[in-house]
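Listing of data-v8.cif; format and content: mmCIF, N, CA and C atoms.
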data_entry
#
loop_
_atom_site.label_atom_id
_atom_site.label_comp_id
_atom_site.auth_asym_id
_atom_site.auth_seq_id
_atom_site.Cartn_x
_atom_site.Cartn_y
_atom_site.Cartn_z
N MET K 1 33.36 -50.73 40.51
CA MET K 1 34.08 -50.37 39.30
C MET K 1 33.91 -51.48 38.28
N ARG K 2 33.54 -51.12 37.09
CA ARG K 2 33.31 -52.08 36.03
C ARG K 2 34.53 -52.16 35.13
N LEU K 3 34.97 -53.40 34.82
CA LEU K 3 36.13 -53.61 33.96
C LEU K 3 35.73 -53.57 32.50
N ASN K 4 36.66 -53.18 31.69
CA ASN K 4 36.48 -53.24 30.25
C ASN K 4 36.33 -54.71 29.85
N PRO K 5 35.37 -55.06 28.99
CA PRO K 5 35.20 -56.46 28.60
C PRO K 5 36.47 -57.06 27.98
N TRP K 6 37.22 -56.28 27.26
CA TRP K 6 38.46 -56.80 26.66
C TRP K 6 39.47 -57.16 27.74
N LEU K 7 39.55 -56.31 28.76
CA LEU K 7 40.48 -56.56 29.84
C LEU K 7 40.07 -57.81 30.63
N GLY K 8 38.79 -57.97 30.87
CA GLY K 8 38.30 -59.16 31.58
C GLY K 8 38.58 -60.43 30.79
N GLY K 9 38.38 -60.37 29.49
CA GLY K 9 38.66 -61.52 28.65
C GLY K 9 40.14 -61.84 28.61
N LEU K 10 40.97 -60.80 28.59
CA LEU K 10 42.41 -60.99 28.58
C LEU K 10 42.88 -61.65 29.87
N VAL K 11 42.34 -61.21 30.99
CA VAL K 11 42.70 -61.80 32.27
C VAL K 11 42.26 -63.26 32.33
N ALA K 12 41.05 -63.55 31.89
CA ALA K 12 40.55 -64.92 31.91
C ALA K 12 41.39 -65.82 31.01
N THR K 13 41.78 -65.32 29.85
CA THR K 13 42.62 -66.09 28.94
C THR K 13 43.99 -66.35 29.55
N GLY K 14 44.56 -65.36 30.22
CA GLY K 14 45.85 -65.52 30.86
C GLY K 14 45.80 -66.55 31.97
N VAL K 15 44.75 -66.52 32.77
CA VAL K 15 44.61 -67.49 33.86
C VAL K 15 44.45 -68.89 33.30
N ALA K 16 43.64 -69.05 32.26
CA ALA K 16 43.41 -70.37 31.67
C ALA K 16 44.68 -70.92 31.04
N SER K 17 45.42 -70.09 30.31
CA SER K 17 46.65 -70.57 29.68
C SER K 17 47.71 -70.89 30.72
N GLY K 18 47.76 -70.12 31.81
CA GLY K 18 48.70 -70.42 32.89
C GLY K 18 48.38 -71.76 33.54
N ALA K 19 47.11 -72.04 33.73
CA ALA K 19 46.72 -73.32 34.31
C ALA K 19 47.09 -74.47 33.39
N LEU K 20 46.94 -74.28 32.09
CA LEU K 20 47.32 -75.32 31.14
C LEU K 20 48.81 -75.58 31.15
N VAL K 21 49.60 -74.52 31.24
CA VAL K 21 51.06 -74.67 31.26
C VAL K 21 51.50 -75.39 32.52
N ILE K 22 50.95 -75.01 33.65
CA ILE K 22 51.32 -75.64 34.92
C ILE K 22 50.86 -77.09 34.94
N GLY K 23 49.66 -77.36 34.52
CA GLY K 23 49.13 -78.72 34.49
C GLY K 23 49.78 -79.57 33.43
N GLY K 24 50.23 -78.96 32.35
CA GLY K 24 50.85 -79.72 31.25
C GLY K 24 52.22 -80.24 31.62
N GLY K 25 52.90 -79.62 32.57
CA GLY K 25 54.24 -80.08 32.96
C GLY K 25 54.20 -81.46 33.55
N THR K 26 53.21 -81.75 34.37
CA THR K 26 53.13 -83.08 34.95
C THR K 26 52.72 -84.10 33.91
N ALA K 27 51.92 -83.71 32.94
CA ALA K 27 51.52 -84.65 31.89
C ALA K 27 52.72 -85.02 31.03
N PHE K 28 53.59 -84.05 30.73
CA PHE K 28 54.77 -84.36 29.93
C PHE K 28 55.74 -85.23 30.71
N ALA K 29 55.82 -85.02 32.01
CA ALA K 29 56.74 -85.80 32.82
C ALA K 29 56.30 -87.26 32.91
N ASP K 30 55.01 -87.53 32.84
CA ASP K 30 54.51 -88.89 32.98
C ASP K 30 54.31 -89.59 31.64
N SER K 31 54.69 -88.98 30.53
CA SER K 31 54.34 -89.54 29.23
C SER K 31 55.19 -90.72 28.80
N SER K 32 56.40 -90.93 29.34
CA SER K 32 57.22 -92.06 28.92
C SER K 32 57.66 -92.85 30.15
N PRO K 33 57.72 -94.17 30.01
CA PRO K 33 58.15 -94.98 31.15
C PRO K 33 59.62 -94.77 31.47
N ALA K 34 60.01 -95.10 32.70
CA ALA K 34 61.38 -94.87 33.16
C ALA K 34 62.38 -95.81 32.49
N ASP K 35 61.93 -97.02 32.08
CA ASP K 35 62.88 -97.97 31.51
C ASP K 35 63.12 -97.75 30.02
N GLY K 36 62.50 -96.77 29.41
CA GLY K 36 62.75 -96.44 28.01
C GLY K 36 61.91 -97.24 27.02
N THR K 37 61.04 -98.12 27.48
CA THR K 37 60.20 -98.88 26.57
C THR K 37 59.02 -98.03 26.14
N ALA K 38 58.40 -98.44 25.06
CA ALA K 38 57.24 -97.72 24.56
C ALA K 38 56.06 -97.97 25.51
N PRO K 39 55.19 -96.98 25.67
CA PRO K 39 54.04 -97.18 26.54
C PRO K 39 53.12 -98.25 25.99
N GLY K 40 52.47 -98.99 26.85
CA GLY K 40 51.56 -100.07 26.44
C GLY K 40 50.25 -99.51 25.94
N PRO K 41 49.36 -100.39 25.52
CA PRO K 41 48.07 -99.93 25.02
C PRO K 41 47.26 -99.30 26.14
N SER K 42 46.46 -98.35 25.78
CA SER K 42 45.65 -97.67 26.78
C SER K 42 44.52 -98.60 27.22
N PRO K 43 43.93 -98.33 28.37
CA PRO K 43 42.85 -99.19 28.83
C PRO K 43 41.63 -99.16 27.92
N THR K 44 41.48 -98.10 27.14
CA THR K 44 40.32 -98.00 26.26
C THR K 44 40.57 -98.63 24.90
N ALA K 45 41.76 -99.15 24.65
CA ALA K 45 42.05 -99.76 23.35
C ALA K 45 41.14 -100.95 23.10
N GLY K 46 40.81 -101.69 24.12
CA GLY K 46 39.92 -102.84 23.96
C GLY K 46 38.55 -102.41 23.47
N ALA K 47 38.02 -101.33 24.03
CA ALA K 47 36.71 -100.84 23.61
C ALA K 47 36.75 -100.34 22.18
N VAL K 48 37.84 -99.69 21.81
CA VAL K 48 37.97 -99.20 20.44
C VAL K 48 38.00 -100.37 19.46
N CYS K 49 38.76 -101.40 19.82
CA CYS K 49 38.91 -102.55 18.93
C CYS K 49 37.66 -103.40 18.84
N THR K 50 36.92 -103.52 19.94
CA THR K 50 35.76 -104.40 19.93
C THR K 50 34.46 -103.71 19.58
N GLU K 51 34.37 -102.40 19.82
CA GLU K 51 33.11 -101.71 19.57
C GLU K 51 33.20 -100.67 18.45
N ARG K 52 34.17 -99.80 18.55
CA ARG K 52 34.21 -98.64 17.65
C ARG K 52 34.60 -99.01 16.23
N ILE K 53 35.67 -99.78 16.08
CA ILE K 53 36.15 -100.13 14.73
C ILE K 53 35.11 -100.92 13.95
N PRO K 54 34.46 -101.94 14.54
CA PRO K 54 33.42 -102.64 13.77
C PRO K 54 32.26 -101.73 13.35
N LYS K 55 31.90 -100.76 14.20
CA LYS K 55 30.82 -99.83 13.83
C LYS K 55 31.25 -98.94 12.67
N ILE K 56 32.49 -98.49 12.68
CA ILE K 56 32.99 -97.64 11.59
C ILE K 56 33.01 -98.43 10.29
N LEU K 57 33.50 -99.66 10.33
CA LEU K 57 33.55 -100.48 9.13
C LEU K 57 32.15 -100.78 8.60
N ALA K 58 31.20 -101.03 9.51
CA ALA K 58 29.82 -101.27 9.08
C ALA K 58 29.23 -100.03 8.41
N ARG K 59 29.54 -98.87 8.95
CA ARG K 59 29.02 -97.63 8.36
C ARG K 59 29.61 -97.40 6.97
N ILE K 60 30.90 -97.66 6.83
CA ILE K 60 31.54 -97.52 5.52
C ILE K 60 30.89 -98.48 4.52
N ASP K 61 30.61 -99.70 4.96
CA ASP K 61 29.96 -100.68 4.08
C ASP K 61 28.56 -100.22 3.67
N ARG K 62 27.80 -99.68 4.64
CA ARG K 62 26.46 -99.19 4.32
C ARG K 62 26.50 -98.05 3.30
N LEU K 63 27.44 -97.12 3.49
CA LEU K 63 27.55 -96.00 2.55
C LEU K 63 27.97 -96.48 1.17
N SER K 64 28.91 -97.40 1.12
CA SER K 64 29.36 -97.92 -0.18
C SER K 64 28.23 -98.66 -0.88
N THR K 65 27.45 -99.42 -0.12
CA THR K 65 26.31 -100.14 -0.70
C THR K 65 25.28 -99.16 -1.23
N ARG K 66 25.00 -98.11 -0.46
CA ARG K 66 24.01 -97.13 -0.89
C ARG K 66 24.47 -96.41 -2.15
N ILE K 67 25.72 -96.01 -2.20
CA ILE K 67 26.23 -95.29 -3.37
C ILE K 67 26.17 -96.17 -4.60
N GLY K 68 26.47 -97.45 -4.45
CA GLY K 68 26.46 -98.36 -5.59
C GLY K 68 25.12 -98.98 -5.88
N GLY K 69 24.07 -98.54 -5.20
CA GLY K 69 22.75 -99.14 -5.35
C GLY K 69 22.09 -98.82 -6.69
N ASP K 70 20.89 -99.39 -6.86
CA ASP K 70 20.15 -99.21 -8.11
C ASP K 70 19.36 -97.90 -8.08
N ALA K 71 18.53 -97.68 -9.08
CA ALA K 71 17.79 -96.43 -9.21
C ALA K 71 16.72 -96.27 -8.14
N HIS K 72 16.35 -97.35 -7.46
CA HIS K 72 15.34 -97.27 -6.41
C HIS K 72 15.96 -97.06 -5.02
N THR K 73 17.28 -97.06 -4.93
CA THR K 73 17.97 -96.84 -3.66
C THR K 73 18.24 -95.36 -3.50
N ARG K 74 17.57 -94.74 -2.54
CA ARG K 74 17.72 -93.31 -2.33
C ARG K 74 19.16 -92.97 -1.98
N GLY K 75 19.75 -92.01 -2.71
CA GLY K 75 21.11 -91.58 -2.48
C GLY K 75 22.14 -92.26 -3.36
N SER K 76 21.73 -93.27 -4.13
CA SER K 76 22.70 -93.95 -4.99
C SER K 76 23.02 -93.09 -6.21
N THR K 77 24.08 -93.45 -6.89
CA THR K 77 24.49 -92.70 -8.07
C THR K 77 23.41 -92.77 -9.15
N ARG K 78 22.85 -93.93 -9.35
CA ARG K 78 21.80 -94.08 -10.37
C ARG K 78 20.55 -93.30 -9.99
N TRP K 79 20.22 -93.27 -8.69
CA TRP K 79 19.07 -92.51 -8.23
C TRP K 79 19.27 -91.02 -8.50
N LEU K 80 20.49 -90.52 -8.26
CA LEU K 80 20.79 -89.11 -8.54
C LEU K 80 20.71 -88.82 -10.04
N GLN K 81 21.20 -89.76 -10.86
CA GLN K 81 21.13 -89.57 -12.31
C GLN K 81 19.68 -89.50 -12.78
N ASP K 82 18.83 -90.38 -12.23
CA ASP K 82 17.41 -90.36 -12.61
C ASP K 82 16.73 -89.07 -12.16
N ARG K 83 17.03 -88.61 -10.96
CA ARG K 83 16.45 -87.36 -10.48
C ARG K 83 16.91 -86.18 -11.31
N GLN K 84 18.16 -86.21 -11.73
CA GLN K 84 18.67 -85.12 -12.57
C GLN K 84 17.95 -85.12 -13.92
N ALA K 85 17.77 -86.30 -14.49
CA ALA K 85 17.06 -86.39 -15.77
C ALA K 85 15.62 -85.90 -15.63
N GLN K 86 14.97 -86.24 -14.52
CA GLN K 86 13.60 -85.78 -14.29
C GLN K 86 13.55 -84.26 -14.12
N ALA K 87 14.53 -83.71 -13.42
CA ALA K 87 14.58 -82.25 -13.21
C ALA K 87 14.80 -81.52 -14.53
N LYS K 88 15.68 -82.07 -15.37
CA LYS K 88 15.91 -81.45 -16.68
C LYS K 88 14.64 -81.51 -17.53
N ALA K 89 13.98 -82.65 -17.51
CA ALA K 89 12.76 -82.81 -18.31
C ALA K 89 11.67 -81.86 -17.83
N ALA K 90 11.64 -81.59 -16.54
CA ALA K 90 10.63 -80.69 -15.99
C ALA K 90 11.02 -79.22 -16.12
N GLY K 91 12.24 -78.96 -16.60
CA GLY K 91 12.69 -77.59 -16.77
C GLY K 91 13.25 -76.97 -15.51
N ASN K 92 13.52 -77.76 -14.49
CA ASN K 92 14.07 -77.25 -13.24
C ASN K 92 15.60 -77.32 -13.32
N THR K 93 16.17 -76.30 -13.94
CA THR K 93 17.62 -76.32 -14.19
C THR K 93 18.43 -76.13 -12.90
N ALA K 94 17.88 -75.41 -11.93
CA ALA K 94 18.62 -75.21 -10.68
C ALA K 94 18.81 -76.54 -9.96
N LEU K 95 17.76 -77.34 -9.86
CA LEU K 95 17.87 -78.65 -9.22
C LEU K 95 18.76 -79.58 -10.04
N ALA K 96 18.64 -79.52 -11.36
CA ALA K 96 19.48 -80.36 -12.22
C ALA K 96 20.96 -80.01 -12.04
N ASP K 97 21.28 -78.73 -11.92
CA ASP K 97 22.67 -78.31 -11.70
C ASP K 97 23.18 -78.78 -10.34
N LEU K 98 22.34 -78.67 -9.31
CA LEU K 98 22.72 -79.12 -7.98
C LEU K 98 23.00 -80.63 -7.97
N LEU K 99 22.13 -81.38 -8.62
CA LEU K 99 22.33 -82.83 -8.68
C LEU K 99 23.56 -83.19 -9.49
N GLN K 100 23.88 -82.40 -10.52
CA GLN K 100 25.09 -82.65 -11.29
C GLN K 100 26.34 -82.43 -10.45
N ILE K 101 26.31 -81.42 -9.60
CA ILE K 101 27.44 -81.18 -8.70
C ILE K 101 27.63 -82.36 -7.75
N ARG K 102 26.52 -82.87 -7.22
CA ARG K 102 26.61 -84.05 -6.35
C ARG K 102 27.14 -85.25 -7.10
N LEU K 103 26.73 -85.41 -8.35
CA LEU K 103 27.22 -86.53 -9.16
C LEU K 103 28.71 -86.38 -9.47
N ASP K 104 29.15 -85.15 -9.69
CA ASP K 104 30.57 -84.93 -9.97
C ASP K 104 31.45 -85.31 -8.80
N HIS K 105 30.95 -85.11 -7.60
CA HIS K 105 31.74 -85.41 -6.40
C HIS K 105 31.56 -86.85 -5.92
N ARG K 106 30.68 -87.58 -6.56
CA ARG K 106 30.39 -88.95 -6.11
C ARG K 106 31.61 -89.86 -6.25
N ALA K 107 32.38 -89.73 -7.32
CA ALA K 107 33.57 -90.56 -7.49
C ALA K 107 34.60 -90.24 -6.41
N ASP K 108 34.73 -88.96 -6.07
CA ASP K 108 35.64 -88.59 -4.98
C ASP K 108 35.19 -89.20 -3.66
N ARG K 109 33.90 -89.26 -3.46
CA ARG K 109 33.35 -89.81 -2.22
C ARG K 109 33.67 -91.29 -2.09
N THR K 110 33.56 -92.04 -3.16
CA THR K 110 33.89 -93.46 -3.10
C THR K 110 35.38 -93.66 -2.86
N ASP K 111 36.21 -92.81 -3.44
CA ASP K 111 37.65 -92.89 -3.18
C ASP K 111 37.96 -92.59 -1.72
N GLU K 112 37.29 -91.58 -1.16
CA GLU K 112 37.49 -91.23 0.25
C GLU K 112 37.08 -92.39 1.16
N LEU K 113 35.96 -93.02 0.84
CA LEU K 113 35.51 -94.15 1.65
C LEU K 113 36.52 -95.30 1.60
N ALA K 114 37.09 -95.55 0.44
CA ALA K 114 38.09 -96.61 0.32
C ALA K 114 39.33 -96.28 1.13
N LYS K 115 39.76 -95.02 1.11
CA LYS K 115 40.94 -94.62 1.89
C LYS K 115 40.68 -94.74 3.38
N VAL K 116 39.51 -94.28 3.82
CA VAL K 116 39.18 -94.37 5.24
C VAL K 116 39.09 -95.82 5.68
N ARG K 117 38.51 -96.66 4.84
CA ARG K 117 38.42 -98.08 5.17
C ARG K 117 39.82 -98.67 5.34
N GLN K 118 40.74 -98.32 4.45
CA GLN K 118 42.10 -98.83 4.54
C GLN K 118 42.78 -98.32 5.81
N GLN K 119 42.56 -97.06 6.16
CA GLN K 119 43.16 -96.50 7.38
C GLN K 119 42.63 -97.21 8.62
N VAL K 120 41.33 -97.47 8.66
CA VAL K 120 40.75 -98.17 9.80
C VAL K 120 41.27 -99.60 9.88
N GLU K 121 41.39 -100.25 8.74
CA GLU K 121 41.95 -101.62 8.72
C GLU K 121 43.40 -101.62 9.20
N ASP K 122 44.16 -100.60 8.83
CA ASP K 122 45.56 -100.49 9.28
C ASP K 122 45.63 -100.30 10.80
N VAL K 123 44.77 -99.45 11.34
CA VAL K 123 44.74 -99.25 12.79
C VAL K 123 44.33 -100.54 13.48
N LYS K 124 43.37 -101.24 12.92
CA LYS K 124 42.92 -102.50 13.51
C LYS K 124 44.04 -103.52 13.50
N ALA K 125 44.77 -103.61 12.41
CA ALA K 125 45.87 -104.58 12.31
C ALA K 125 47.02 -104.21 13.25
N ARG K 126 47.28 -102.93 13.39
CA ARG K 126 48.41 -102.48 14.21
C ARG K 126 48.10 -102.53 15.70
N ASP K 127 46.93 -102.07 16.09
CA ASP K 127 46.64 -101.87 17.50
C ASP K 127 45.75 -102.93 18.13
N CYS K 128 45.07 -103.72 17.32
CA CYS K 128 44.09 -104.65 17.89
C CYS K 128 44.52 -106.11 17.81
N THR K 129 45.73 -106.38 17.43
CA THR K 129 46.20 -107.76 17.39
C THR K 129 46.78 -108.12 18.75
N SER K 130 46.42 -109.30 19.21
CA SER K 130 46.92 -109.71 20.52
C SER K 130 47.80 -110.93 20.40
#
What would you get if you wrote out this structure as structure tokens?
Amino acid sequence: MRLNPWLGGLVATGVASGALVIGGGTAFADSSPADGTAPGPSPTAGAVCTERIPKILARIDRLSTRIGGDAHTRGSTRWLQDRQAQAKAAGNTALADLLQIRLDHRADRTDELAKVRQQVEDVKARDCTS
């Protein structure tokens, strides 16, 4: 006898959600220490502080440097402006419009990078100080 695919999916979903509910009870029970203190840093916090955060900050720096680069730096604001001017001069209005859209969002991108950098620095100051 072949089951309806909807019925089979419903049964599989019910079994999976039941397993999550049953397994989640023990996770909630173990989430806080018995003495009422806040849980300590996780064992992976050291790896995050020593490896991950420096890589994220380096990537933010590379992106900021590229965006602020000169006309010969591929992806910089000046490079996009030059390409847009060349596209307009060549009569390629579709490419010029696309590049203008990228230029319009470039200021938002630098603001986003600054916010992310500040958030990463806050996490580093809060969680990585010993």
Q) What does the distance from CA of Ile56 in chain K to CA of Arg102 in chain K come to in Å, to one decimal? A)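 Going from CA of Ile56 in chain K over to CA of Arg102 in chain K covers 23.4 Å.
Distance-wise, CA of Ala94 in chain K and atom N of Gln81 in chain K end up 14.8 Å apart.
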Q: Could you jot down the CA of Asp82 in chain K to CA of Leu95 in chain K separation for me, Å, one decimal place?
A: 12.2 Å
Q: Just the residues within 7 Å of range 114-125 of chain K, please, counting only C-alpha atoms, with nothing from its chain fewer than 3 positions along; format it as a list in words.
A: Cys49, Leu57, Ile60, Thr110, Asp111, Cys128 and Thr129 of chain K
Q: Excluding Leu63 in chain K and residues on its chain fewer than 5 positions from it, collect all residues at most 10 Å away from it, counting only C-alpha atoms, and give them as a PyMOL selection string.
A: chain K and resi 57-58+68-69+75-76+109-110+113
